[in-house]
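Source file: input-v5.cif; contents: mmCIF, C-alpha atoms.
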```cif
data_coords
#
loop_
_atom_site.label_atom_id
_atom_site.label_comp_id
_atom_site.auth_asym_id
_atom_site.auth_seq_id
_atom_site.Cartn_x
_atom_site.Cartn_y
_atom_site.Cartn_z
CA GLY V 1 126.92 138.03 135.71
CA VAL V 2 128.83 134.76 135.73
CA SER V 3 131.59 133.79 138.16
CA PHE V 4 133.86 130.74 138.39
CA SER V 5 135.64 129.33 141.41
CA ALA V 6 137.62 126.16 142.05
CA PHE V 7 139.12 124.13 144.86
CA GLY V 8 141.46 121.21 145.04
CA ALA V 9 143.48 119.11 147.42
CA PHE V 10 146.31 116.61 147.08
CA GLY V 11 146.82 114.34 150.04
CA MET V 12 148.91 111.29 150.82
CA VAL V 13 147.91 108.84 153.55
CA HIS V 14 149.96 106.03 155.11
CA SER V 15 148.67 103.14 157.20
CA SER V 16 150.64 100.31 158.81
CA GLU V 17 147.48 98.17 159.10
CA HIS V 18 147.94 95.55 156.37
CA ARG V 19 144.67 93.71 156.93
CA ALA V 20 142.32 96.59 156.06
CA ASP V 21 142.25 99.87 154.14
CA TYR V 22 141.84 103.31 155.66
CA VAL V 23 139.36 105.26 153.51
CA ALA V 24 137.47 108.53 153.97
CA SER V 25 134.23 107.32 152.33
CA VAL V 26 132.39 104.01 152.23
CA PHE V 27 132.25 104.43 148.43
CA GLN V 28 136.03 104.35 147.99
CA PRO V 29 137.14 100.91 146.72
CA ASN V 30 140.61 101.02 148.29
CA GLY V 31 142.91 103.18 150.37
CA ALA V 32 145.99 103.05 152.58
CA GLY V 33 146.91 99.85 154.42
CA PHE V 34 145.89 96.62 152.73
CA SER V 35 145.85 97.86 149.12
CA HIS V 36 148.70 100.38 149.30
CA ASN V 37 151.19 101.40 151.98
CA TRP V 38 150.68 104.98 150.79
CA SER V 39 147.54 106.24 149.05
CA THR V 40 146.88 109.54 147.28
CA ASP V 41 143.22 108.65 146.71
CA VAL V 42 141.84 109.11 150.23
CA ASP V 43 141.78 112.93 150.29
CA SER V 44 142.69 114.12 146.76
CA ARG V 45 140.02 115.83 144.70
CA LEU V 46 139.43 118.70 142.30
CA GLY V 47 136.27 120.80 142.09
CA GLY V 48 134.95 123.66 140.00
CA GLN V 49 131.87 125.82 140.39
CA VAL V 50 130.04 128.20 138.05
CA THR V 51 127.53 130.68 139.45
CA ALA V 52 125.28 132.70 137.15
CA ARG V 53 122.96 135.49 138.28
CA ALA V 54 120.12 136.24 135.84
CA THR V 55 118.40 138.86 137.99
CA SER V 56 118.77 140.27 141.49
CA GLN V 57 116.54 137.41 142.71
CA LEU V 58 117.27 134.49 140.35
CA SER V 59 120.59 132.65 140.18
CA ALA V 60 121.97 129.25 139.22
CA VAL V 61 124.95 127.22 140.38
CA VAL V 62 126.70 124.12 139.02
CA GLN V 63 129.50 122.39 140.92
CA VAL V 64 131.48 119.45 139.52
CA VAL V 65 133.86 117.35 141.65
CA ALA V 66 136.44 114.80 140.52
CA GLU V 67 137.46 112.35 143.26
CA GLN V 68 138.01 108.62 143.60
CA GLN V 69 134.86 106.76 142.55
CA TYR V 70 133.67 103.24 143.41
CA ASP V 71 135.21 102.00 140.11
CA ASP V 72 138.63 103.46 141.02
CA THR V 73 138.39 106.27 138.47
CA TYR V 74 138.34 110.05 138.89
CA ARG V 75 135.31 110.55 136.66
CA PRO V 76 133.81 114.02 137.38
CA GLU V 77 130.39 114.04 139.01
CA VAL V 78 127.85 116.83 139.34
CA GLU V 79 127.73 117.67 143.03
CA TRP V 80 125.36 120.68 142.84
CA ALA V 81 123.13 121.95 140.03
CA ASN V 82 120.24 124.15 141.09
CA LEU V 83 118.22 127.29 140.57
CA LYS V 84 117.78 129.70 143.47
CA TYR V 85 115.05 132.30 143.84
CA GLU V 86 115.40 134.87 146.62
CA ILE V 87 111.95 135.98 147.67
CA THR V 88 113.61 138.29 150.22
CA PRO V 89 117.24 138.49 151.40
CA ASP V 90 116.22 136.22 154.32
CA PHE V 91 113.89 133.83 152.46
CA SER V 92 114.85 131.74 149.42
CA LEU V 93 113.86 128.63 147.47
CA ARG V 94 116.13 126.25 145.55
CA ALA V 95 115.28 123.47 143.12
CA GLY V 96 117.61 120.87 141.65
CA ARG V 97 120.63 119.15 143.16
CA THR V 98 121.54 120.81 146.44
CA VAL V 99 123.78 120.03 149.39
CA LEU V 100 122.30 117.88 152.15
CA PRO V 101 122.57 120.09 155.27
CA THR V 102 122.96 117.11 157.59
CA PHE V 103 126.17 118.28 159.26
CA MET V 104 127.58 121.56 160.49
CA PHE V 105 130.19 121.55 157.71
CA SER V 106 127.98 120.15 154.93
CA ASP V 107 128.69 123.01 152.49
CA THR V 108 132.46 122.58 152.80
CA ARG V 109 132.84 118.90 153.69
CA LYS V 110 134.70 118.28 150.40
CA VAL V 111 136.79 121.47 150.55
CA GLY V 112 139.48 120.15 152.86
CA TYR V 113 141.44 123.34 153.54
CA ALA V 114 138.24 125.22 154.47
CA ASN V 115 137.70 122.97 157.50
CA PRO V 116 139.50 122.73 160.87
CA TRP V 117 140.74 119.21 159.97
CA VAL V 118 142.39 117.42 157.05
CA ARG V 119 139.00 115.73 156.57
CA PRO V 120 135.76 115.96 158.57
CA PRO V 121 135.77 113.27 161.31
CA ILE V 122 134.95 110.06 159.46
CA GLU V 123 133.42 108.48 162.59
CA VAL V 124 130.55 110.95 162.11
CA TYR V 125 130.54 112.00 158.48
CA ARG V 126 130.80 108.45 157.08
CA LEU V 127 127.48 107.60 158.77
CA ILE V 128 125.73 109.58 156.01
CA PRO V 129 128.23 109.55 153.13
CA VAL V 130 125.92 111.01 150.45
CA ALA V 131 126.36 114.78 150.36
CA HIS V 132 123.62 115.95 147.99
CA SER V 133 119.91 115.60 147.25
CA ASP V 134 117.77 116.02 144.13
CA GLY V 135 114.68 118.00 145.06
CA VAL V 136 113.77 121.33 146.64
CA ASP V 137 114.77 123.23 149.74
CA LEU V 138 113.71 126.34 151.63
CA PHE V 139 115.93 128.71 153.58
CA TYR V 140 114.76 131.27 156.12
CA ALA V 141 116.86 133.51 158.36
CA LEU V 142 115.25 134.68 161.59
CA HIS V 143 116.86 137.40 163.72
CA SER V 144 115.97 137.88 167.38
CA GLY V 145 118.21 140.44 168.98
CA PRO V 146 121.79 139.10 169.11
CA ILE V 147 120.62 135.58 168.17
CA ALA V 148 120.17 134.47 164.56
CA HIS V 149 118.46 131.30 163.33
CA ARG V 150 119.24 129.88 159.88
CA LEU V 151 116.42 127.44 159.15
CA THR V 152 116.33 124.99 156.23
CA ALA V 153 113.86 122.37 155.05
CA THR V 154 114.90 119.94 152.31
CA TYR V 155 112.86 117.31 150.45
CA GLY V 156 114.16 115.07 147.70
CA LYS V 157 115.94 111.86 146.86
CA SER V 158 119.53 110.71 146.51
CA GLU V 159 121.21 107.90 144.62
CA GLN V 160 124.75 106.54 144.67
CA ARG V 161 125.93 104.43 141.77
CA LEU V 162 127.64 101.21 142.83
CA PRO V 163 128.87 98.17 140.85
CA SER V 164 126.82 95.00 140.59
CA SER V 165 129.29 93.29 142.92
CA PHE V 166 127.90 95.60 145.62
CA GLY V 167 124.34 94.62 144.74
CA GLY V 168 123.62 97.70 142.64
CA ASP V 169 122.91 101.34 143.37
CA ALA V 170 122.14 102.62 146.87
CA SER V 171 119.33 105.14 147.22
CA ALA V 172 117.30 107.26 149.61
CA ARG V 173 113.72 108.23 148.70
CA HIS V 174 111.28 110.64 150.34
CA LEU V 175 114.28 112.26 152.01
CA TRP V 176 113.47 114.99 154.55
CA VAL V 177 116.06 117.15 156.32
CA ILE V 178 115.12 119.95 158.73
CA THR V 179 117.89 122.03 160.28
CA ASP V 180 118.42 125.06 162.49
CA THR V 181 121.78 126.76 162.82
CA ILE V 182 121.75 129.09 165.82
CA GLU V 183 124.38 131.83 165.89
CA TYR V 184 125.30 134.03 168.85
CA GLY V 185 128.48 136.05 168.51
CA ALA V 186 131.37 133.66 167.87
CA ALA V 187 129.31 130.61 168.90
CA SER V 188 127.08 128.52 166.67
CA VAL V 189 125.03 125.34 167.13
CA HIS V 190 123.71 123.17 164.32
CA LEU V 191 120.66 120.94 164.85
CA ALA V 192 119.47 118.51 162.17
CA TYR V 193 116.74 115.91 161.78
CA GLN V 194 116.81 113.62 158.73
CA ARG V 195 114.63 110.74 157.58
CA GLY V 196 114.06 108.79 154.39
CA ARG V 197 113.42 105.39 152.83
CA ILE V 198 116.86 103.76 152.49
CA SER V 199 117.88 100.97 150.13
CA ALA V 200 121.42 99.59 150.28
CA PRO V 201 121.55 96.27 148.39
CA ALA V 202 125.20 95.76 149.35
CA VAL V 203 124.20 94.52 152.82
CA SER V 204 121.36 92.25 151.65
CA PRO V 205 123.51 89.08 151.19
CA LEU V 206 124.59 89.34 154.84
CA PHE V 207 121.01 89.37 156.09
CA ALA V 208 119.96 86.69 153.60
CA ALA V 209 122.32 84.40 155.49
CA PHE V 210 120.61 85.32 158.78
CA ARG V 211 117.29 84.08 157.36
CA ASN V 212 118.67 80.54 157.35
CA PHE V 213 118.70 80.48 161.16
CA GLY V 214 114.99 80.25 161.84
CA PRO V 215 112.62 82.82 163.36
CA GLU V 216 115.38 84.63 165.26
CA GLY V 217 117.41 85.12 162.09
CA GLU V 218 114.30 86.21 160.19
CA ALA V 219 113.60 88.84 162.86
CA ILE V 220 117.16 90.22 162.67
CA ALA V 221 117.01 90.38 158.86
CA ALA V 222 113.61 92.05 158.87
CA ARG V 223 114.83 94.70 161.30
CA TYR V 224 118.20 95.58 159.78
CA ASP V 225 118.17 94.67 156.07
CA ALA V 226 118.31 98.01 154.26
CA VAL V 227 115.71 97.52 151.54
CA ASP V 228 113.23 100.41 151.44
CA LYS V 229 113.79 100.81 155.17
CA LEU V 230 112.82 103.96 157.06
CA GLY V 231 115.98 105.52 158.40
CA THR V 232 116.25 108.55 160.70
CA SER V 233 119.10 110.52 162.19
CA ILE V 234 119.44 113.40 164.63
CA GLY V 235 122.56 115.55 164.53
CA LEU V 236 124.08 118.13 166.86
CA GLY V 237 127.16 120.20 166.15
CA ALA V 238 128.70 123.15 167.98
CA GLN V 239 131.47 125.59 167.18
CA TYR V 240 133.16 128.54 168.84
CA ASP V 241 135.32 130.61 166.50
CA PRO V 242 136.44 134.03 167.78
CA GLY V 243 138.74 134.43 164.80
CA SER V 244 142.25 134.17 166.27
CA TRP V 245 142.00 130.52 167.38
#
```

Represent the structure contained in this file as structure tokens.
Amino acid sequence: GVSFSAFGAFGMVHSSEHRADYVASVFQPNGAGFSHNWSTDVDSRLGGQVTARATSQLSAVVQVVAEQQYDDTYRPEVEWANLKYEITPDFSLRAGRTVLPTFMFSDTRKVGYANPWVRPPIEVYRLIPVAHSDGVDLFYALHSGPIAHRLTATYGKSEQRLPSSFGGDASARHLWVITDTIEYGAASVHLAYQRGRISAPAVSPLFAAFRNFGPEGEAIAARYDAVDKLGTSIGLGAQYDPGSW
């Protein structure tokens, strides 16, 4: 069978800071504050998802999201597009474009009303703004008495298109994410380890300037310039949701 679902949000943000823009993603070209007193671009988006089940074990999903892009358009982008094979109800394999399970609310980070906040806290979620990966992932559910573990392992790559004024596209290669979501009653804890080879040409001009300051500047540029640089992150999230609050 085939099913269709959709989500959308319309938000308006105001900022009295006229020297900088408030944005929800590093890929947004403008927001509220410097560019506009009020902005509808920060949180507004529209998404649609089609899920098709070929057999009891094989299914496919495609999700398309329209939100503000780096070029200030709302051009739809494919957020998810993958095939899923359930070896058992607790063990499955996916191939294609899947969500990066970096954060506790990775699956719903773009579905604003599904989260406890208007938007996931940008101080955390903007650190890894790319939300999907092209590759494969494994899921395994392990039950031990009242405790359940939801384990995932993801391998792939990710690319974010950016204009030439930003130095070109940003990318992550050989991207590994290993997570464990531990559930006990109304409590859950999400642990994540992520690493990959990161390239972000947008910051290269800054570190090129550092190279003009001798050996010390060269050392700073070599350490922090994000050109095929190994990047790692460790994440911890916790939630207690008894249902009524």

Find the residues near Ala52 in chain V: any atom within 8 Å, counting all atoms listed in the file, skip ones fewer than 5 places away on the same chain, and give them as a ChimeraX atom specification. /V:1-3,59-61

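Candidate residues V:Asp43, V:Asp241, V:Glu67, V:Asp72 were compared for distance to Asn30 in chain V, and the nearest is V:Asp72, using all atoms listed in the file.
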
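Considering the residues V:Leu127, V:Val136, V:Val111, V:Ala66 and counting only C-alpha atoms, Leu83 in chain V has its shortest atom-to-atom contact with V:Val136.
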
Long-range neighbours of Tyr240 in chain V as a ChimeraX atom specification, 8 Å cut-off, all atoms listed in the file, 3 positions minimum in chain: /V:186-188

Take CA of Ala238 in chain V and CA of Ser144 in chain V and report the distance between them in Å, one decimal.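 Separation of CA of Ala238 in chain V and CA of Ser144 in chain V: 19.5 Å.
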
Please expand the PyMOL selection byres ((chain V and resi 25) around 8) into the concrete residues it hits in this file, giving the result as a short mmCIF file (atom, residue, chain, number, x, y, z; two decimals) with C-alpha atoms, keeping the file's coordinate frame.
```
data_model
loop_
_atom_site.label_atom_id
_atom_site.label_comp_id
_atom_site.auth_asym_id
_atom_site.auth_seq_id
_atom_site.Cartn_x
_atom_site.Cartn_y
_atom_site.Cartn_z
CA VAL V 23 139.36 105.26 153.51
CA ALA V 24 137.47 108.53 153.97
CA VAL V 26 132.39 104.01 152.23
CA PHE V 27 132.25 104.43 148.43
CA GLN V 28 136.03 104.35 147.99
CA ILE V 122 134.95 110.06 159.46
CA ARG V 126 130.80 108.45 157.08
CA PRO V 129 128.23 109.55 153.13
#
```

Grab the CA of Leu151 in chain V to CA of Thr232 in chain V distance for me, in Å with one decimal place.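 Between these atoms lies a distance of 19.0 Å.
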
I'd like the neighbourhood of range 157-159 of chain V as a ChimeraX atom specification, where a residue qualifies if any of its atoms comes within 8 Å (using only C-alpha atoms), though same-chain residues fewer than 2 positions away should be ignored. /V:130,132-135,155,161,169-175

Would you mind reading off the distance between CA of Ser15 in chain V and CA of Val118 in chain V, one decimal, in Å? 15.6 Å

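You can rank V:Asn37, V:Ala226, V:Ile87, V:Ser5 by their closest distance to Thr51 in chain V using all atoms listed in the file, and at the top of that list sits V:Ser5.
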
Return as JSON the centre and edge lengths, in Å with one decimal, of the box along x, y and z that encloses every atom of range 135-145 of chain V in the file, padded by 6 Å per side.
```
{"center_x": 116.0, "center_y": 129.2, "center_z": 157.0, "size_x": 16.5, "size_y": 34.4, "size_z": 35.9}
```

Tell me which protein, DNA and RNA residues are within 8 Å of Val13 in chain V, counting all atoms listed in the file, leaving out same-chain ones fewer than 5 positions away, and put them as a ChimeraX atom specification. /V:32,38-40,42

Quick one: everything within 8 Å of Val62 in chain V, counting all atoms listed in the file, minus sequence neighbours fewer than 5 positions away in the same chain. Send it as number ranges by chain. V: 49-51, 78-82

Include C-alpha atoms and write out the residues we just selected as a compact mmCIF listing (two decimals), in the coordinates of the input.
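Listing of again-v3.txt after writing:
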```
# COMPACT_ATOMS: atom_id res chain seq x y z
CA GLN V 49 131.87 125.82 140.39
CA VAL V 50 130.04 128.20 138.05
CA THR V 51 127.53 130.68 139.45
CA VAL V 78 127.85 116.83 139.34
CA GLU V 79 127.73 117.67 143.03
CA TRP V 80 125.36 120.68 142.84
CA ALA V 81 123.13 121.95 140.03
CA ASN V 82 120.24 124.15 141.09
```

Distance criterion (all atoms listed in the file): nearest to Tyr125 in chain V out of V:Gly237, V:Arg94, V:His143, V:Ala209: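 Under the stated criterion, the closest residue is V:Gly237.
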